[in-house]
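Asker: Once you've had a glance at the structure underneath, I'll fire off some questions.
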Amino acid sequence: IIVRSAHPMESAFKGGTFESLETYADIAGIEYARKKIIKNAKTNKSLSIRRQQQFNNAPQIDVDKMGVIVMPFFEGTTVMVKMLSNRWEFGYCKNRNHKVQSEPYITDVPHDKRLLLLSESIQDTLGFKCEIEYIITEAGDIYVVQAKNISAVEVLDEKIDQRSIRMDGIHRIRKRHNYRERPVYIMNNKQFYIQIISQCEEFITNPSCGLDVVLASINAYEEELETFALRHNHFAVIGFSIREPRELYQIVNHYLDDYPEDQKVLSKALNNNLYKIDYFLSEADTLLAKNRFRMNLGTHDAYGIDTVRNPIWSVFWDADRHEQVVSQFIRLGWRSGDIIGIEIDTEERPVVFQI
């Protein structure tokens with residue numbers, strides 16, 4: 001079965017803020033899933049909740065009052081459907097059965113016209129504009145998961161359509177097709193691990209000083225990420241190094257093997273640090289990194305109603321140019337907190353520059 005979050009105040013938060021989990025079809029499985037949903041809301045979803053409270057006026061919430069909805073489990077493709085500017089939009093997400101998975105994509109033409117007819121019927125019956133989530137099984141059966149009221153969500157495209165008059169042409173020299181400005185955080189985890197290794201070396205030289213300096217560095221990094229995320233509603237991350245080679249992480253994770261109790265404390269702190277980095281990255285709406293690093297987007301992140309106003313951008317450079325590109329960023333003096341602009345040309349190639 002699927003156990004979905006159903007907090008009484010959940011509608012005040014973005015779709016996907018809380019969890020849905022697969023579990024066994026018994027009371028113990030449901031209770032376990034509810035506890036896991038509550039735990040995730042207090043840990044890996046905590047930063048997202050706090051940011052929505054700060055920037056979107058979301059209310060204070062007691063996650064221990066979490067309710068759940070239990071649904072049958074169907075394997076298949078997730079489709080999110082909604083009407084925007086008097087046209088229907090269909091967002092498709094990966095099928096977990098496939099070993100080679102496709103990227104999420106959006107289309108105006110569904111694979112099955114029943115999706116359009118069913119969506120029109122649901123919206124007419126409910127009497128308000130809604131975002132409808134479906135599961136399409138491999139046999140072609142369509143199951144309705146939920147329909148969310150989005151009538152109060154202000155969509156910029158619709159406002160522009162309502163206030164604009166279509167002209168017949170334009171003459172211009174400088175063409176700007178796509179553009180975005182964001183404050184940027186420069187992430188360099190290779191440098192961070194090298195710093196930790198250096199501090200571990202100092203610890204080995206003088207064990208009596210304890211691990212306080214090393215742990216303080218890890219905590220300071222995590223607080224820096226959280227502070228940046230709470231300062232900026234929308235922000236970008238440039239990845240000088242996000243996922244370091246496992247060799248470097250393993251070196252840090254075993255540097256104090258001669259001091260097993262201290263190594264145990266350090267390993268736990270480093271493992272928790274990986275999660276904190278992931279939480280931070282999940283809040284960024286713009287990621288610039290080498291092309292081997294990809295965002296794993298679920299349905300809400302890929303094409304939910306919140307992405308209409310603020311879509312996820314994943315800008316990349318070729319992995320074989322990584323050192324060259326990072327050197328260019330460093331030579332130009334880019335630092336965390338700078339404002340960057342991203343312009344996409346007619347060939348879908350982005351240009352990034354400081355504002």
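Chain labels follow the order of the structure tokens: the first chain is A, the next B, and so on; residue numbering restarts at 1 in every chain, and ligands are counted from 1 in their shown order.
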Taking 4 positions as the minimum chain separation for residues in the same chain, which residues sit within 6 Å of stretch 278-285 of chain A when counting only C-alpha atoms? Answer as a list in words.
Answerer: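 Near stretch 278-285 of chain A, the qualifying residues are Asn44, Phe235, Ala236 and Ile312 of chain A.
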Asker: Take the residues from that selection and put them in a file with C-alpha atoms, as a PDB file, in the first residue's frame.
Answerer:
```pdb
ATOM      1  CA  ASN A  44      15.228  16.157   6.018  1.00  0.00           C
ATOM      2  CA  PHE A 235      19.001  30.744  -4.996  1.00  0.00           C
ATOM      3  CA  ALA A 236      21.538  28.945  -7.188  1.00  0.00           C
ATOM      4  CA  ILE A 312      14.006  23.980 -11.612  1.00  0.00           C
TER       5      ILE A 312
END
```
Asker: Residues at most 10 Å from A:Glu31, counting only C-alpha atoms, excluding those fewer than 5 positions away in the same chain, as a PyMOL selection string?
Answerer: chain A and resi 3+23+26+36-37+68
Asker: Now that the selection is made, can you save its residues with C-alpha atoms as a compact mmCIF listing (two decimals), in the first residue's frame?
Answerer:
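As a result, out.txt now contains:
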```txt
# COMPACT_ATOMS: atom_id res chain seq x y z
CA VAL A 3 0.67 5.78 3.03
CA THR A 23 4.66 -0.21 3.22
CA ASP A 26 -1.24 -4.07 7.88
CA LYS A 36 8.72 7.77 9.36
CA ILE A 37 6.73 10.61 7.77
CA VAL A 68 -2.31 9.69 6.94
```
Asker: Using DSSP on the backbone, list every residue of stretch 169-353 of chain A that comes out as helix (DSSP H, G or I), and give them as a ChimeraX atom specification.
Answerer: /A:189-205,207-209,212-231,246-253,260-283,299-303,305-309,319-331
Asker: For those residues, write C-alpha atoms to a file as a compact mmCIF listing (two decimals), in the first residue's frame.
Answerer:
```
# COMPACT_ATOMS: atom_id res chain seq x y z
CA ASN A 189 33.29 19.92 -0.77
CA LYS A 190 36.75 18.83 -1.91
CA GLN A 191 38.19 21.85 -0.12
CA PHE A 192 36.01 21.07 2.90
CA TYR A 193 37.30 17.48 3.17
CA ILE A 194 40.91 18.60 2.77
CA GLN A 195 40.34 21.02 5.66
CA ILE A 196 38.94 18.19 7.81
CA ILE A 197 41.92 15.95 6.96
CA SER A 198 44.30 18.73 7.98
CA GLN A 199 42.50 19.16 11.31
CA CYS A 200 42.56 15.39 11.87
CA GLU A 201 46.33 15.48 11.33
CA GLU A 202 46.58 18.14 14.04
CA PHE A 203 44.47 15.93 16.31
CA ILE A 204 46.86 12.99 15.78
CA THR A 205 49.79 15.26 16.66
CA PRO A 207 45.15 14.05 20.80
CA SER A 208 44.62 15.81 24.12
CA CYS A 209 42.97 18.72 22.32
CA ASP A 212 36.21 19.89 19.15
CA VAL A 213 37.96 21.77 16.34
CA VAL A 214 37.02 19.16 13.71
CA LEU A 215 33.39 18.93 14.83
CA ALA A 216 33.16 22.72 15.03
CA SER A 217 34.24 22.96 11.38
CA ILE A 218 31.55 20.49 10.32
CA ASN A 219 28.88 22.32 12.34
CA ALA A 220 30.00 25.69 10.97
CA TYR A 221 29.63 24.41 7.39
CA GLU A 222 26.14 23.09 8.07
CA GLU A 223 25.10 26.36 9.73
CA GLU A 224 26.48 28.29 6.75
CA LEU A 225 24.29 26.27 4.37
CA GLU A 226 21.20 26.69 6.52
CA THR A 227 21.74 30.44 6.99
CA PHE A 228 22.13 30.94 3.24
CA ALA A 229 18.95 28.97 2.50
CA LEU A 230 16.96 30.95 5.06
CA ARG A 231 18.30 34.29 3.77
CA ARG A 246 34.62 8.12 -2.66
CA GLU A 247 38.35 7.76 -2.06
CA LEU A 248 38.59 11.20 -0.44
CA TYR A 249 35.50 10.63 1.70
CA GLN A 250 36.88 7.25 2.78
CA ILE A 251 40.21 8.83 3.74
CA VAL A 252 38.41 11.27 6.02
CA ASN A 253 36.17 8.51 7.31
CA PRO A 260 38.27 4.17 17.37
CA GLU A 261 36.00 6.10 19.75
CA ASP A 262 36.92 9.44 18.17
CA GLN A 263 36.62 7.96 14.67
CA LYS A 264 33.12 6.74 15.51
CA VAL A 265 32.07 10.26 16.50
CA LEU A 266 33.69 11.77 13.40
CA SER A 267 32.13 9.21 11.04
CA LYS A 268 28.66 9.92 12.42
CA ALA A 269 29.18 13.68 12.00
CA LEU A 270 30.41 13.22 8.41
CA ASN A 271 27.47 10.98 7.55
CA ASN A 272 24.99 13.50 8.95
CA ASN A 273 26.81 16.21 7.01
CA LEU A 274 26.03 14.40 3.72
CA TYR A 275 22.34 14.58 4.55
CA LYS A 276 22.56 18.28 5.44
CA ILE A 277 24.19 18.97 2.06
CA ASP A 278 21.38 17.09 0.30
CA TYR A 279 18.72 19.04 2.21
CA PHE A 280 20.37 22.29 1.14
CA LEU A 281 20.66 21.26 -2.51
CA SER A 282 17.00 20.23 -2.59
CA GLU A 283 16.02 23.83 -1.73
CA THR A 299 6.55 14.75 -9.61
CA HIS A 300 6.13 17.94 -7.57
CA ASP A 301 9.72 19.10 -8.14
CA ALA A 302 9.58 18.39 -11.87
CA TYR A 303 6.26 19.93 -12.88
CA ILE A 305 2.08 23.85 -9.67
CA ASP A 306 4.88 25.63 -7.78
CA THR A 307 7.29 25.03 -10.68
CA VAL A 308 5.08 27.00 -13.09
CA ARG A 309 6.24 30.21 -11.43
CA ALA A 319 32.86 16.66 -17.27
CA ASP A 320 36.06 16.75 -19.33
CA ARG A 321 36.06 20.57 -19.01
CA HIS A 322 35.47 20.56 -15.27
CA GLU A 323 38.89 21.80 -14.12
CA GLN A 324 38.91 24.47 -16.84
CA VAL A 325 35.46 25.78 -15.92
CA VAL A 326 36.20 25.85 -12.18
CA SER A 327 39.45 27.72 -12.90
CA GLN A 328 37.49 30.32 -14.86
CA PHE A 329 35.08 30.84 -11.96
CA ILE A 330 38.00 31.25 -9.56
CA ARG A 331 39.88 33.60 -11.92
```
Asker: Just want the 7 Å neighbourhood of stretch 150-153 of chain A, counted on only C-alpha atoms, with same-chain residues fewer than 5 positions away dropped. Output as a ChimeraX atom specification.
Answerer: /A:128-131
Asker: Could those residues be written to a file, using C-alpha atoms, as a compact mmCIF listing (two decimals), in the first residue's frame?
Answerer:
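So the final result, stored in out-v8.txt, reads:
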```txt
# COMPACT_ATOMS: atom_id res chain seq x y z
CA PHE A 128 -12.56 24.72 -9.08
CA LYS A 129 -9.25 24.66 -10.94
CA CYS A 130 -7.20 21.74 -9.71
CA GLU A 131 -3.97 19.81 -10.15
```
Asker: Hey, what's within 7 Å of A:Phe353 if we count only C-alpha atoms and toss same-chain stuff fewer than 4 positions away? As a count of residues only, please?
Answerer: 3
Asker: Measuring atom to atom with only C-alpha atoms, identify which of A:Trp317, A:Gln354, A:Tyr179, A:Pro104 is nearest to A:Leu332.
Answerer: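 For A:Leu332, the nearest of the candidates is A:Gln354.
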Asker: Which of these residues is nearest to A:Leu287, using only C-alpha atoms: A:Val184, A:Ile355, A:Leu117, A:Leu256?
Answerer: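 Closest residue, counting only C-alpha atoms: A:Val184.
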Asker: Here is a test: counting only C-alpha atoms, which residue of A:Phe55, A:Tyr259, A:Phe73, A:Trp313 is nearest to A:His232?
Answerer: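 Ranked by minimum distance to A:His232, first place goes to A:Phe55.
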Asker: Which residue is closest to A:Ser11? Choose from A:Ala33, A:Thr125, A:Ile27, A:Lys148 and count only C-alpha atoms.
Answerer: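 Of A:Ala33, A:Thr125, A:Ile27, A:Lys148, the one nearest A:Ser11 is A:Lys148, counting only C-alpha atoms.
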Asker: Pick from A:Glu120, A:Glu75, A:Asp64, A:Asp318: nearest to A:Ile135, with only C-alpha atoms counted?
Answerer: A:Glu75
Asker: Per DSSP on the backbone, filter stretch 68-143 of chain A down to the residues in strand (DSSP E or B) and report them as a PDB file with C-alpha atoms, in the first residue's frame.
Answerer:
```
ATOM      1  CA  VAL A  68      -2.311   9.686   6.937  1.00  0.00           C
ATOM      2  CA  ILE A  69      -4.291   8.463   3.948  1.00  0.00           C
ATOM      3  CA  VAL A  70      -3.906   4.816   2.967  1.00  0.00           C
ATOM      4  CA  MET A  71      -4.169   3.902  -0.723  1.00  0.00           C
ATOM      5  CA  GLY A  76       3.371   2.672 -13.113  1.00  0.00           C
ATOM      6  CA  THR A  77       4.000   6.133 -14.497  1.00  0.00           C
ATOM      7  CA  THR A  78       2.985   9.227 -12.549  1.00  0.00           C
ATOM      8  CA  VAL A  79       1.174  11.943 -14.498  1.00  0.00           C
ATOM      9  CA  MET A  80       0.361  15.392 -13.092  1.00  0.00           C
ATOM     10  CA  VAL A  81      -2.345  17.305 -14.967  1.00  0.00           C
ATOM     11  CA  LYS A  82      -3.546  20.901 -14.608  1.00  0.00           C
ATOM     12  CA  MET A  83      -5.046  23.699 -16.671  1.00  0.00           C
ATOM     13  CA  LEU A  84      -2.849  26.747 -17.292  1.00  0.00           C
ATOM     14  CA  ARG A  87      -4.864  24.841 -21.872  1.00  0.00           C
ATOM     15  CA  TRP A  88      -4.206  21.491 -20.254  1.00  0.00           C
ATOM     16  CA  GLU A  89      -0.662  20.499 -19.279  1.00  0.00           C
ATOM     17  CA  PHE A  90       0.433  16.894 -18.719  1.00  0.00           C
ATOM     18  CA  GLY A  91       3.626  16.199 -16.747  1.00  0.00           C
ATOM     19  CA  TYR A  92       5.045  12.677 -16.958  1.00  0.00           C
ATOM     20  CA  CYS A  93       7.491  11.180 -14.477  1.00  0.00           C
ATOM     21  CA  LYS A  94       9.606   8.030 -14.602  1.00  0.00           C
ATOM     22  CA  ASN A  95       8.327   4.499 -14.249  1.00  0.00           C
ATOM     23  CA  TYR A 105       8.771  15.929 -19.278  1.00  0.00           C
ATOM     24  CA  ILE A 106       5.733  18.113 -19.986  1.00  0.00           C
ATOM     25  CA  THR A 107       3.415  17.931 -22.994  1.00  0.00           C
ATOM     26  CA  CYS A 130      -7.198  21.737  -9.709  1.00  0.00           C
ATOM     27  CA  GLU A 131      -3.970  19.810 -10.146  1.00  0.00           C
ATOM     28  CA  ILE A 132      -4.739  16.124 -10.625  1.00  0.00           C
ATOM     29  CA  GLU A 133      -2.278  13.307 -10.004  1.00  0.00           C
ATOM     30  CA  TYR A 134      -2.679   9.968 -11.775  1.00  0.00           C
ATOM     31  CA  ILE A 135      -0.917   6.609 -11.888  1.00  0.00           C
ATOM     32  CA  ILE A 136      -0.894   4.901 -15.294  1.00  0.00           C
ATOM     33  CA  THR A 137      -0.212   1.165 -15.014  1.00  0.00           C
ATOM     34  CA  ILE A 142      -5.725   5.061 -15.074  1.00  0.00           C
ATOM     35  CA  TYR A 143      -5.956   5.596 -11.315  1.00  0.00           C
TER      36      TYR A 143
END
```
Asker: Distance atom CA of A:Pro8-atom CA of A:Asn149, one decimal place?
Answerer: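 It comes out at 14.8 Å.
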Asker: Pick from A:Pro311, A:Glu181, A:His254, A:Lys290: nearest to A:Val352, with only C-alpha atoms counted?
Answerer: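 Under the stated criterion, the closest residue is A:Glu181.
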Asker: Tell me, in Å to one decimal, how far atom CA of A:Ala25 is from atom CA of A:Ala12.
Answerer: 29.3 Å
